[in-house]
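Visitor: Contents are compact mmCIF, C-alpha atoms; file name upload.txt:
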```txt
# COMPACT_ATOMS: atom_id res chain seq x y z
CA MET L 1 0.00 0.00 0.00
CA GLU L 2 1.30 3.45 -0.94
CA ARG L 3 2.26 5.86 1.84
CA ILE L 4 1.89 9.59 2.48
CA TYR L 5 4.87 11.40 4.00
CA ALA L 6 4.72 14.59 6.06
CA THR L 7 7.67 16.62 7.29
CA TYR L 8 7.33 18.62 10.52
CA PHE L 9 9.40 21.18 12.35
CA ILE L 10 8.80 20.44 16.04
CA GLU L 11 9.82 21.69 19.45
CA THR L 12 9.33 19.49 22.50
CA PRO L 13 10.18 19.27 26.20
CA LEU L 14 10.44 15.48 25.77
CA ALA L 15 13.07 13.34 24.15
CA VAL L 16 12.56 13.87 20.42
CA GLU L 17 12.05 10.15 19.77
CA ARG L 18 9.27 10.02 22.35
CA ALA L 19 7.58 13.16 20.96
CA ALA L 20 7.74 11.77 17.42
CA ALA L 21 6.20 8.50 18.57
CA THR L 22 3.43 10.48 20.27
CA LEU L 23 2.75 12.32 17.01
CA ALA L 24 2.55 9.09 15.03
CA GLY L 25 0.35 7.37 17.59
CA GLU L 26 -2.08 10.27 18.07
CA GLN L 27 -2.66 10.58 14.34
CA SER L 28 -3.15 6.88 13.57
CA SER L 29 -3.99 3.77 15.59
CA GLY L 30 -2.78 4.84 19.03
CA THR L 31 -4.13 6.77 22.01
CA PHE L 32 -2.68 7.72 25.39
CA VAL L 33 -3.26 4.20 26.77
CA GLU L 34 -3.44 0.78 25.17
CA VAL L 35 -6.97 -0.24 24.26
CA PRO L 36 -8.58 -3.57 23.36
CA GLY L 37 -8.32 -4.29 19.64
CA GLU L 38 -5.04 -2.47 19.15
CA THR L 39 -3.29 -5.63 18.07
CA ALA L 40 0.21 -5.98 16.69
CA GLU L 41 -1.32 -6.86 13.32
CA LEU L 42 -3.47 -3.71 13.32
CA LYS L 43 -0.49 -1.55 14.27
CA GLN L 44 1.60 -3.08 11.52
CA ARG L 45 -1.04 -2.25 8.94
CA PHE L 46 -2.39 1.11 10.10
CA ALA L 47 0.02 2.76 12.55
CA ALA L 48 1.90 5.81 11.35
CA ARG L 49 5.67 5.37 11.13
CA VAL L 50 8.40 7.72 12.21
CA GLU L 51 10.68 7.64 9.18
CA LYS L 52 13.39 10.12 10.10
CA ILE L 53 14.43 12.43 12.95
CA THR L 54 16.94 15.24 12.46
CA PRO L 55 17.77 17.00 15.76
CA LEU L 56 18.27 20.75 15.48
CA GLU L 57 18.96 23.28 18.22
CA THR L 58 17.98 23.26 21.89
CA VAL L 59 16.34 26.34 23.38
CA SER L 60 15.70 27.40 26.96
CA SER L 61 12.17 28.76 26.60
CA PRO L 62 9.13 27.30 24.82
CA SER L 63 7.87 28.85 21.61
CA LEU L 64 4.27 28.13 22.59
CA PRO L 65 2.63 27.88 26.03
CA GLY L 66 1.09 24.81 27.61
CA ALA L 67 3.96 22.48 28.46
CA LYS L 68 6.67 22.34 31.11
CA SER L 69 10.14 20.92 30.87
CA ALA L 70 11.72 18.98 33.71
CA THR L 71 15.12 20.06 32.43
CA GLY L 72 14.29 23.59 31.32
CA LYS L 73 15.28 22.66 27.78
CA PHE L 74 13.23 22.37 24.61
CA GLN L 75 14.57 20.37 21.68
CA GLN L 76 13.80 21.38 18.12
CA ALA L 77 13.95 18.84 15.31
CA GLU L 78 12.75 17.93 11.85
CA VAL L 79 10.61 14.81 11.85
CA VAL L 80 9.27 12.81 8.90
CA VAL L 81 6.21 10.63 9.54
CA SER L 82 4.34 8.42 7.08
CA TRP L 83 0.87 6.89 6.89
CA SER L 84 -0.58 4.13 4.80
CA LEU L 85 -2.93 5.47 2.13
CA GLU L 86 -5.33 2.82 3.43
CA ASN L 87 -5.87 4.98 6.53
CA MET L 88 -7.66 7.76 4.65
CA GLY L 89 -8.17 6.91 1.00
CA TYR L 90 -8.50 9.77 -1.49
CA ASN L 91 -10.24 12.15 0.89
CA LEU L 92 -8.79 15.66 1.26
CA PRO L 93 -10.50 16.61 4.55
CA THR L 94 -9.41 13.32 6.13
CA LEU L 95 -5.91 13.82 4.76
CA VAL L 96 -5.73 17.20 6.51
CA SER L 97 -7.20 15.77 9.71
CA THR L 98 -4.51 13.10 9.62
CA ILE L 99 -1.44 15.19 8.92
CA GLN L 100 -2.52 18.10 11.15
CA GLY L 101 -5.59 17.41 13.28
CA ASN L 102 -5.03 17.39 17.04
CA LEU L 103 -1.26 17.70 16.83
CA TYR L 104 -1.17 21.40 17.60
CA GLU L 105 -2.89 20.85 20.94
CA ILE L 106 -0.72 18.08 22.37
CA THR L 107 1.40 19.08 25.37
CA ALA L 108 4.25 17.01 23.97
CA PHE L 109 4.90 19.95 21.64
CA THR L 110 5.77 23.55 22.34
CA GLY L 111 5.95 24.10 18.61
CA LEU L 112 4.83 22.23 15.51
CA LYS L 113 4.63 23.25 11.88
CA LEU L 114 3.82 21.10 8.85
CA MET L 115 6.64 21.87 6.43
CA ASN L 116 6.00 19.66 3.41
CA LEU L 117 3.93 16.79 2.10
CA GLU L 118 4.77 13.95 -0.26
CA LEU L 119 1.84 12.30 -2.02
CA PRO L 120 1.80 8.90 -3.74
CA PRO L 121 1.52 8.72 -7.55
CA SER L 122 -2.00 7.28 -7.48
CA PHE L 123 -3.35 10.67 -6.34
CA ALA L 124 -2.96 11.75 -9.97
CA GLN L 125 -5.71 9.31 -10.98
CA HIS L 126 -8.12 10.60 -8.33
CA PHE L 127 -7.53 14.37 -8.44
CA ARG L 128 -7.59 16.27 -11.71
CA GLY L 129 -5.89 19.29 -10.20
CA PRO L 130 -6.10 22.72 -11.86
CA LYS L 131 -8.12 22.70 -15.08
CA PHE L 132 -6.32 25.72 -16.54
CA GLY L 133 -3.11 26.50 -14.67
CA VAL L 134 -0.42 28.63 -16.35
CA ALA L 135 -1.05 27.62 -19.96
CA GLY L 136 -4.83 27.79 -19.66
CA CYS L 137 -4.82 31.23 -18.04
CA ARG L 138 -2.50 32.48 -20.77
CA GLN L 139 -4.83 31.08 -23.42
CA LEU L 140 -7.89 32.70 -21.85
CA THR L 141 -6.22 36.11 -21.62
CA LYS L 142 -4.16 35.85 -24.84
CA VAL L 143 -1.03 36.87 -22.96
CA GLU L 144 2.26 35.20 -23.90
CA GLY L 145 5.88 35.92 -23.08
CA ARG L 146 5.24 38.25 -20.16
CA PRO L 147 3.39 38.28 -16.84
CA LEU L 148 -0.34 38.79 -16.73
CA ILE L 149 -0.88 42.32 -15.40
CA GLY L 150 -3.80 42.63 -13.03
CA THR L 151 -5.48 44.83 -10.47
CA ILE L 152 -7.99 44.74 -7.65
CA ILE L 153 -11.01 46.99 -7.62
CA LYS L 154 -10.35 49.79 -5.15
CA PRO L 155 -12.01 51.09 -3.01
CA SER L 156 -12.59 47.56 -1.74
CA ILE L 157 -16.19 48.21 -0.76
CA GLY L 158 -18.74 50.96 -1.27
CA MET L 159 -18.80 51.22 -5.05
CA SER L 160 -21.99 50.36 -6.90
CA ALA L 161 -22.11 47.77 -9.64
CA GLN L 162 -22.18 50.48 -12.31
CA GLN L 163 -19.31 52.43 -10.74
CA THR L 164 -17.26 49.25 -10.74
CA ALA L 165 -18.12 48.58 -14.37
CA ASP L 166 -17.10 52.14 -15.29
CA MET L 167 -13.69 51.56 -13.72
CA VAL L 168 -13.36 48.21 -15.51
CA LYS L 169 -14.03 50.00 -18.81
CA VAL L 170 -11.12 52.35 -18.16
CA LEU L 171 -8.87 49.43 -17.24
CA CYS L 172 -9.86 47.39 -20.30
CA GLU L 173 -9.11 50.30 -22.60
CA ALA L 174 -5.73 50.74 -20.90
CA GLY L 175 -4.78 47.15 -21.75
CA ILE L 176 -5.24 45.37 -18.40
CA ASP L 177 -5.22 41.55 -18.54
CA PHE L 178 -6.93 40.70 -15.26
CA VAL L 179 -9.21 42.40 -12.73
CA LYS L 180 -10.64 40.95 -9.56
CA ASP L 181 -13.08 41.68 -6.79
CA ASP L 182 -11.53 42.36 -3.43
CA GLU L 183 -11.93 39.54 -0.92
CA LEU L 184 -14.28 41.83 1.03
CA MET L 185 -16.59 42.14 -1.98
CA ALA L 186 -18.89 39.20 -2.64
CA ASN L 187 -22.65 39.83 -2.64
CA PRO L 188 -23.31 42.99 -0.59
CA PRO L 189 -26.47 45.10 -0.76
CA HIS L 190 -24.65 48.04 -2.37
CA SER L 191 -23.36 45.83 -5.22
CA PRO L 192 -25.46 42.66 -5.59
CA PHE L 193 -23.58 39.84 -7.28
CA ASP L 194 -25.85 39.33 -10.29
CA GLU L 195 -26.10 43.07 -10.93
CA ARG L 196 -22.31 43.43 -10.73
CA VAL L 197 -21.72 40.53 -13.12
CA ASP L 198 -24.19 41.99 -15.63
CA ALA L 199 -22.65 45.46 -15.52
CA ILE L 200 -19.05 44.29 -15.72
CA MET L 201 -19.55 41.63 -18.37
CA ARG L 202 -21.32 44.14 -20.64
CA VAL L 203 -18.07 46.08 -20.60
CA VAL L 204 -15.77 43.05 -20.87
CA ASN L 205 -17.75 41.42 -23.68
CA ALA L 206 -18.03 44.66 -25.64
CA HIS L 207 -14.29 45.20 -25.35
CA ALA L 208 -13.65 41.61 -26.49
CA ASP L 209 -15.98 42.02 -29.47
CA ARG L 210 -14.13 45.18 -30.46
CA THR L 211 -10.53 44.08 -29.85
CA GLY L 212 -10.52 40.28 -29.69
CA LYS L 213 -9.10 40.36 -26.14
CA LYS L 214 -11.33 39.28 -23.25
CA VAL L 215 -10.12 40.65 -19.95
CA MET L 216 -10.26 38.05 -17.21
CA TYR L 217 -12.44 39.28 -14.34
CA ALA L 218 -12.39 37.20 -11.16
CA PHE L 219 -15.78 37.53 -9.51
CA ASN L 220 -15.71 36.62 -5.81
CA VAL L 221 -18.14 33.73 -5.38
CA SER L 222 -17.18 33.00 -1.74
CA ASP L 223 -20.39 32.17 0.11
CA GLU L 224 -22.42 29.21 1.29
CA LEU L 225 -22.07 26.29 -1.12
CA ASP L 226 -25.43 26.63 -2.90
CA ALA L 227 -24.89 30.36 -3.38
CA MET L 228 -21.38 29.76 -4.69
CA GLN L 229 -22.74 27.36 -7.28
CA ARG L 230 -25.43 29.84 -8.37
CA HIS L 231 -22.89 32.61 -8.68
CA TYR L 232 -20.52 30.36 -10.61
CA GLU L 233 -23.27 29.51 -13.10
CA LYS L 234 -24.12 33.20 -13.48
CA ILE L 235 -20.53 33.95 -14.49
CA VAL L 236 -20.53 31.13 -17.04
CA LYS L 237 -23.84 32.26 -18.59
CA SER L 238 -22.58 35.83 -18.78
CA GLY L 239 -19.44 34.86 -20.70
CA GLY L 240 -16.96 35.25 -17.85
CA THR L 241 -13.76 33.26 -17.55
CA CYS L 242 -12.84 33.33 -13.85
CA ALA L 243 -14.22 32.97 -10.33
CA MET L 244 -12.42 33.89 -7.13
CA ILE L 245 -12.60 31.94 -3.89
CA SER L 246 -11.35 32.95 -0.45
CA LEU L 247 -9.77 29.58 0.17
CA ASN L 248 -9.39 29.60 3.94
CA SER L 249 -12.96 30.84 4.35
CA VAL L 250 -14.72 28.22 2.23
CA GLY L 251 -12.38 25.29 2.93
CA LEU L 252 -11.04 22.45 0.81
CA SER L 253 -14.38 20.75 0.18
CA GLY L 254 -16.11 23.98 -0.83
CA ALA L 255 -13.26 25.00 -3.11
CA LYS L 256 -13.01 21.57 -4.74
CA LYS L 257 -16.74 21.45 -5.38
CA ILE L 258 -16.52 24.71 -7.32
CA CYS L 259 -13.27 23.77 -9.08
CA ASP L 260 -14.79 20.47 -10.22
CA ASN L 261 -17.24 22.38 -12.44
CA GLY L 262 -14.30 22.99 -14.77
CA ALA L 263 -15.70 25.86 -16.85
CA LEU L 264 -13.89 28.77 -15.18
CA ALA L 265 -10.33 29.43 -14.06
CA ILE L 266 -10.29 29.57 -10.25
CA HIS L 267 -8.43 32.39 -8.55
CA GLY L 268 -7.43 31.22 -5.08
CA HIS L 269 -7.08 34.04 -2.55
CA ARG L 270 -5.34 32.94 0.64
CA ASN L 271 -6.55 35.75 2.95
CA GLY L 272 -6.04 34.52 6.50
CA TRP L 273 -2.65 33.05 5.54
CA GLY L 274 -0.86 34.77 8.40
CA MET L 275 -3.09 32.95 10.88
CA LEU L 276 -1.75 29.66 9.49
CA ASN L 277 1.86 30.57 8.92
CA ARG L 278 3.16 33.68 10.66
CA HIS L 279 4.54 31.95 13.76
CA PRO L 280 7.74 30.05 12.91
CA LEU L 281 6.69 27.06 15.05
CA LEU L 282 2.97 26.86 14.42
CA GLY L 283 0.79 26.07 11.42
CA ILE L 284 1.74 25.09 7.90
CA GLU L 285 4.42 26.14 5.42
CA PHE L 286 3.60 27.07 1.83
CA PRO L 287 5.12 23.94 0.19
CA ALA L 288 2.52 21.77 1.95
CA TYR L 289 -0.29 24.34 1.75
CA GLN L 290 -0.11 24.86 -2.00
CA LYS L 291 -0.19 21.13 -2.72
CA LEU L 292 -3.56 20.79 -0.96
CA TRP L 293 -5.10 23.57 -3.04
CA ARG L 294 -3.62 22.23 -6.26
CA LEU L 295 -5.26 18.90 -5.51
CA ALA L 296 -8.54 20.75 -5.02
CA GLY L 297 -8.14 22.29 -8.48
CA VAL L 298 -7.18 25.94 -7.90
CA ASP L 299 -5.60 27.52 -11.00
CA GLN L 300 -4.14 30.71 -9.48
CA LEU L 301 -2.70 31.05 -5.98
CA HIS L 302 -1.49 34.06 -4.03
CA VAL L 303 2.15 34.18 -2.90
CA ASN L 304 2.48 37.82 -1.66
CA GLY L 305 5.21 39.85 -3.37
CA ILE L 306 8.65 41.42 -3.15
CA ALA L 307 8.81 44.28 -0.61
CA ASN L 308 5.18 43.54 0.22
CA LYS L 309 3.02 45.28 2.80
CA PHE L 310 2.76 42.19 5.00
CA TRP L 311 5.18 40.42 7.35
CA GLU L 312 6.48 37.86 4.87
CA SER L 313 10.11 38.19 3.75
CA ASP L 314 11.25 38.44 0.15
CA ASP L 315 13.09 35.12 0.52
CA SER L 316 9.85 33.43 1.58
CA VAL L 317 7.99 34.89 -1.40
CA VAL L 318 10.69 33.71 -3.81
CA ARG L 319 10.55 30.21 -2.32
CA SER L 320 6.76 30.18 -2.67
CA MET L 321 6.98 31.13 -6.34
CA ALA L 322 9.52 28.36 -6.88
CA GLU L 323 7.15 25.86 -5.22
CA CYS L 324 4.37 26.86 -7.60
CA ALA L 325 6.69 26.20 -10.54
CA LYS L 326 7.41 22.62 -9.46
CA PRO L 327 5.19 19.98 -11.10
CA LEU L 328 2.92 18.11 -8.71
CA LEU L 329 2.26 14.45 -9.54
CA GLY L 330 3.60 15.02 -13.02
CA GLY L 331 1.70 18.26 -13.69
CA MET L 332 -1.06 20.20 -11.90
CA SER L 333 0.24 23.59 -13.04
CA VAL L 334 -0.69 26.59 -10.87
CA LEU L 335 -0.15 30.28 -11.65
CA PRO L 336 1.48 32.24 -8.79
CA VAL L 337 -0.27 35.52 -7.98
CA VAL L 338 2.12 38.25 -6.86
CA SER L 339 0.25 40.87 -4.86
CA SER L 340 0.07 42.81 -1.55
CA GLY L 341 1.27 46.37 -1.82
CA GLN L 342 2.77 45.95 -5.27
CA TRP L 343 3.55 48.68 -7.77
CA GLY L 344 5.72 48.64 -10.87
CA GLY L 345 9.00 49.29 -9.12
CA GLN L 346 9.09 45.85 -7.52
CA ALA L 347 9.02 44.17 -10.94
CA CYS L 348 12.79 44.54 -11.42
CA GLU L 349 13.67 42.76 -8.19
CA THR L 350 10.92 40.17 -8.70
CA TYR L 351 12.30 39.14 -12.08
CA CYS L 352 15.90 39.32 -10.88
CA ARG L 353 15.11 36.94 -8.00
CA THR L 354 12.84 34.50 -9.87
CA GLN L 355 13.78 34.71 -13.58
CA THR L 356 10.23 33.89 -14.60
CA VAL L 357 7.35 35.67 -16.30
CA ASP L 358 4.89 32.87 -15.51
CA LEU L 359 2.96 34.85 -12.93
CA LEU L 360 0.03 37.16 -12.42
CA TYR L 361 1.38 40.50 -11.17
CA MET L 362 -1.29 42.50 -9.39
CA ALA L 363 -1.35 46.04 -8.08
CA GLY L 364 -4.42 47.59 -6.49
CA GLY L 365 -3.44 51.01 -5.22
CA GLY L 366 -0.34 50.73 -7.40
CA ILE L 367 -2.63 51.15 -10.40
CA ALA L 368 -5.67 52.96 -9.03
CA ALA L 369 -3.59 55.63 -7.24
CA HIS L 370 -1.16 56.39 -10.06
CA PRO L 371 -0.72 60.17 -10.33
CA ASP L 372 -2.06 60.19 -13.89
CA GLY L 373 -4.96 57.82 -13.17
CA PRO L 374 -5.65 54.08 -13.42
CA ALA L 375 -5.03 53.85 -17.17
CA ALA L 376 -1.56 55.32 -16.70
CA GLY L 377 -1.09 52.90 -13.81
CA VAL L 378 -1.67 49.93 -16.13
CA ARG L 379 0.72 51.27 -18.76
CA SER L 380 3.31 51.94 -16.06
CA LEU L 381 3.22 48.33 -14.84
CA GLN L 382 3.58 47.05 -18.39
CA LYS L 383 6.62 49.25 -18.94
CA TRP L 384 8.15 48.28 -15.60
CA TRP L 385 7.96 44.62 -16.60
CA GLU L 386 9.53 45.35 -19.97
CA ALA L 387 12.40 46.95 -18.08
CA ALA L 388 12.59 44.05 -15.62
CA VAL L 389 12.90 41.45 -18.38
CA GLU L 390 15.60 43.61 -19.97
CA GLY L 391 17.53 43.03 -16.75
CA LEU L 392 17.39 46.65 -15.58
CA THR L 393 17.48 47.72 -11.96
CA LEU L 394 14.95 50.25 -10.70
CA GLU L 395 17.46 53.07 -11.15
CA GLN L 396 18.39 51.93 -14.66
CA ALA L 397 14.73 51.57 -15.60
CA THR L 398 13.86 55.13 -14.62
CA ALA L 399 16.91 56.43 -16.45
CA LYS L 400 15.93 54.63 -19.65
CA TYR L 401 12.18 55.24 -19.30
CA PRO L 402 11.67 58.68 -17.67
CA GLU L 403 7.89 58.20 -17.59
CA LEU L 404 8.41 55.67 -14.78
CA LYS L 405 9.68 58.38 -12.43
CA LYS L 406 6.13 59.42 -11.56
CA SER L 407 5.35 56.03 -10.02
CA VAL L 408 8.63 56.09 -8.09
CA GLU L 409 7.75 59.50 -6.70
CA LYS L 410 4.28 58.27 -5.72
CA PHE L 411 5.02 54.78 -4.40
CA GLY L 412 8.77 54.34 -4.03
CA LYS L 413 9.13 55.90 -0.60
CA LYS L 414 6.28 53.84 0.81
CA GLY L 415 8.27 50.59 0.60
CA GLY L 416 5.59 49.04 -1.61
```
In structure tokens, write the structure found in this file.
Guide:
Amino acid sequence: MERIYATYFIETPLAVERAAATLAGEQSSGTFVEVPGETAELKQRFAARVEKITPLETVSSPSLPGAKSATGKFQQAEVVVSWSLENMGYNLPTLVSTIQGNLYEITAFTGLKLMNLELPPSFAQHFRGPKFGVAGCRQLTKVEGRPLIGTIIKPSIGMSAQQTADMVKVLCEAGIDFVKDDELMANPPHSPFDERVDAIMRVVNAHADRTGKKVMYAFNVSDELDAMQRHYEKIVKSGGTCAMISLNSVGLSGAKKICDNGALAIHGHRNGWGMLNRHPLLGIEFPAYQKLWRLAGVDQLHVNGIANKFWESDDSVVRSMAECAKPLLGGMSVLPVVSSGQWGGQACETYCRTQTVDLLYMAGGGIAAHPDGPAAGVRSLQKWWEAAVEGLTLEQATAKYPELKKSVEKFGKKGG
């Protein structure tokens, strides 16, 4: 029987071997005492196995509360544990319950983070993964050889459906590739979903009829499951190409149900990510996180951005983009979405660090607040990316393309 492997970064007041055994037992056949029926045969077949332990440093204070150390020391280590696929089958919620579940609450750990996940090849026969991915999103937007340039409707809330459509018209005419609802905008009274779709798609479809280019608009369908399905179908009937889901809000099952429809590219927004990842010894790291959402079928996935407005470091963002570029189970392509306080000036460093144009580069205020208006903001981002691919630094780009100085003056001193 195939096995699933999970890698953890742990901290424990116990001997590492004992803590690892506790982890394996809690998340498979064992409990805190022996029970009738827990035979040697059952353990052999269903018990999780500790595959590898790599001791790291010892610290004198716990990273998380709730456990005491008899020695005043807390050992950190990397631990690899495996489970038989027979334990869970091809069931994403049960997979998550197995590899995470109660682990974060056990007093054997003063820190625990799921770092990575290795899935058996047979998952490829049971999960289609992203329907569109990088190639499909490029085909839908007719963008090749450069990043997709996108924006978020700002202000986030308060604009009517028609006001939003008017802004989309300006953006379409400026050459934008992608526009999305903010995560705060779904189906509010001031901009009902159906009304917003009708107003925006009139603009998008008219622009496509005139130019041959259909701008991808990601309508936020995040809601209860039945409402999400209705909203999804509304987008399809209206000629749209994309739906957005707040992944951590709707969960794996909700996201997969929508992805399984297969008619629209799915933009996966990871708002709430800091809750899962910000502490170095609690939660889940992006390599494991993104694999779960790829299995669910998400086509586009947020990774933050260089010099972003959040806590995440540039190195972490670069690693996340690299993870998105790695094939999963032989494919399952996903398009990384670079966002969070982005403007054109970060393009040079982004390309320098990643050497890829297979991404969706999004700026909200970085487009909407451009000194010469949103249309100039779109053109500025396009020019910044031309300069980035030429290998220019920010200073070299502004010297060669003086029109970029306005965005530096507006956004450059804000650190993104």
Visitor: Name the residues, using the chain letters and numbers of the file, that sit within 10 Å of (-6.3, 43.3, -19.3) when counting all atoms listed in the file, and give them as an NGL selection string.
Guide: :L and (141-143 or 148-151 or 168 or 171-179 or 204 or 213-217 or 378)
Visitor: Go ahead and compute the interatomic distance for atom CA of L:Trp83 and atom CA of L:Thr22, in Å to one decimal.
Guide: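 Between atom CA of L:Trp83 and atom CA of L:Thr22 the gap is 14.1 Å.
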Visitor: With distances taken over only C-alpha atoms, which of L:Ser313, L:Ser156, L:Ser222, L:Gln162 is nearest to L:Gly364?
Guide: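 Among the listed residues, L:Ser156 lies closest to L:Gly364.
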Visitor: Of the residues L:Arg138, L:His302, L:Arg196, L:Lys400, which is the one nearest to L:Val357, using all atoms listed in the file?
Guide: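 Among the listed residues, the smallest separation from L:Val357 belongs to L:Arg138.
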Visitor: Given the choices L:Ser160, L:Leu328, L:Gln290, L:Thr350, which gets closest to L:Asp315 if the distance is worked out from all atoms listed in the file?
Guide: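 Looking only at the distances to L:Asp315, the closest residue turns out to be L:Thr350.
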Visitor: Interatomic distance between atom CA of L:Cys348 and atom CA of L:Ala397?
Guide: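 We find that atom CA of L:Cys348 and atom CA of L:Ala397 lie 8.4 Å from each other.
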Visitor: What's the separation between atom CA of L:Ala165 and atom CA of L:Ala218, in Å to one decimal place?
Guide: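 We find that atom CA of L:Ala165 and atom CA of L:Ala218 lie 13.1 Å from each other.
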Visitor: Extract, using only C-alpha atoms, all DNA, RNA and protein residues at most 7 Å from stretch 267-270 of chain L, discarding same-chain residues fewer than 3 positions from it, and format them as a ChimeraX atom specification.
Guide: /L:218,242-248,273,298-302
Visitor: Hey, which of L:Glu105, L:Ile10, L:Met167, L:Met201 ends up closest to L:Pro65? Count only C-alpha atoms.
Guide: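 Answer, going by the shortest atom-to-atom distance: L:Glu105.
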Visitor: Which of these, L:His190, L:Lys113, L:Lys131, L:Lys410, has the shortest distance to L:Ile157 once you count all atoms listed in the file?
Guide: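 Looking at the shortest contact to L:Ile157, the residue is L:His190.
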Visitor: Point out the residue among L:Gly412, L:Gly344, L:Gly331, L:Pro402 with the least atom-to-atom distance to L:Gly133, counting all atoms listed in the file.
Guide: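 Of all the options, L:Gly331 lies closest to L:Gly133.
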Visitor: Extract, using all atoms listed in the file, all DNA, RNA and protein residues at most 12 Å from L:Lys405, discarding same-chain residues fewer than 5 positions from it, and format them as a ChimeraX atom specification.
Guide: /L:344-345,370-372,380,383-384,394-400,410-412
Visitor: Residues within 8 Å of stretch 257-259 of chain L, please, as an MDAnalysis selection string. Count all atoms listed in the file; anything in the same chain fewer than 6 positions from it doesn't count.
Guide: chainID L and resid 130:131 228:229 232 266 296:298
Visitor: Can you find the residues with an atom no farther than 9 Å from (-18.0, 24.8, -18.1), counting only C-alpha atoms, and report them as a list in words?
Guide: Glu233, Val236, Asn261, Gly262, Ala263 and Leu264 of chain L
Visitor: Find the spatial neighbours of L:Ala15, counting only C-alpha atoms, within a cut-off of 10 Å - ignore same-chain residues fewer than 3 positions away - and output them as a list in words.
Guide: Thr12, Arg18, Ala19, Ala20, Phe74, Gln75 and Ala108 of chain L
Visitor: Which residues of stretch 173-290 of chain L sit at most 10 Å from stretch 86-93 of chain L, using only C-alpha atoms? Give each one's shortest atom pair and distance in Å (one decimal place), in chain and ascending residue order, as CSV.
Guide:
```
residue,atom,partner,partner_atom,distance
L:Gly251,CA,L:Pro93,CA,9.0
L:Leu252,CA,L:Pro93,CA,7.0
L:Ser253,CA,L:Pro93,CA,7.2
L:Lys256,CA,L:Leu92,CA,9.4
```
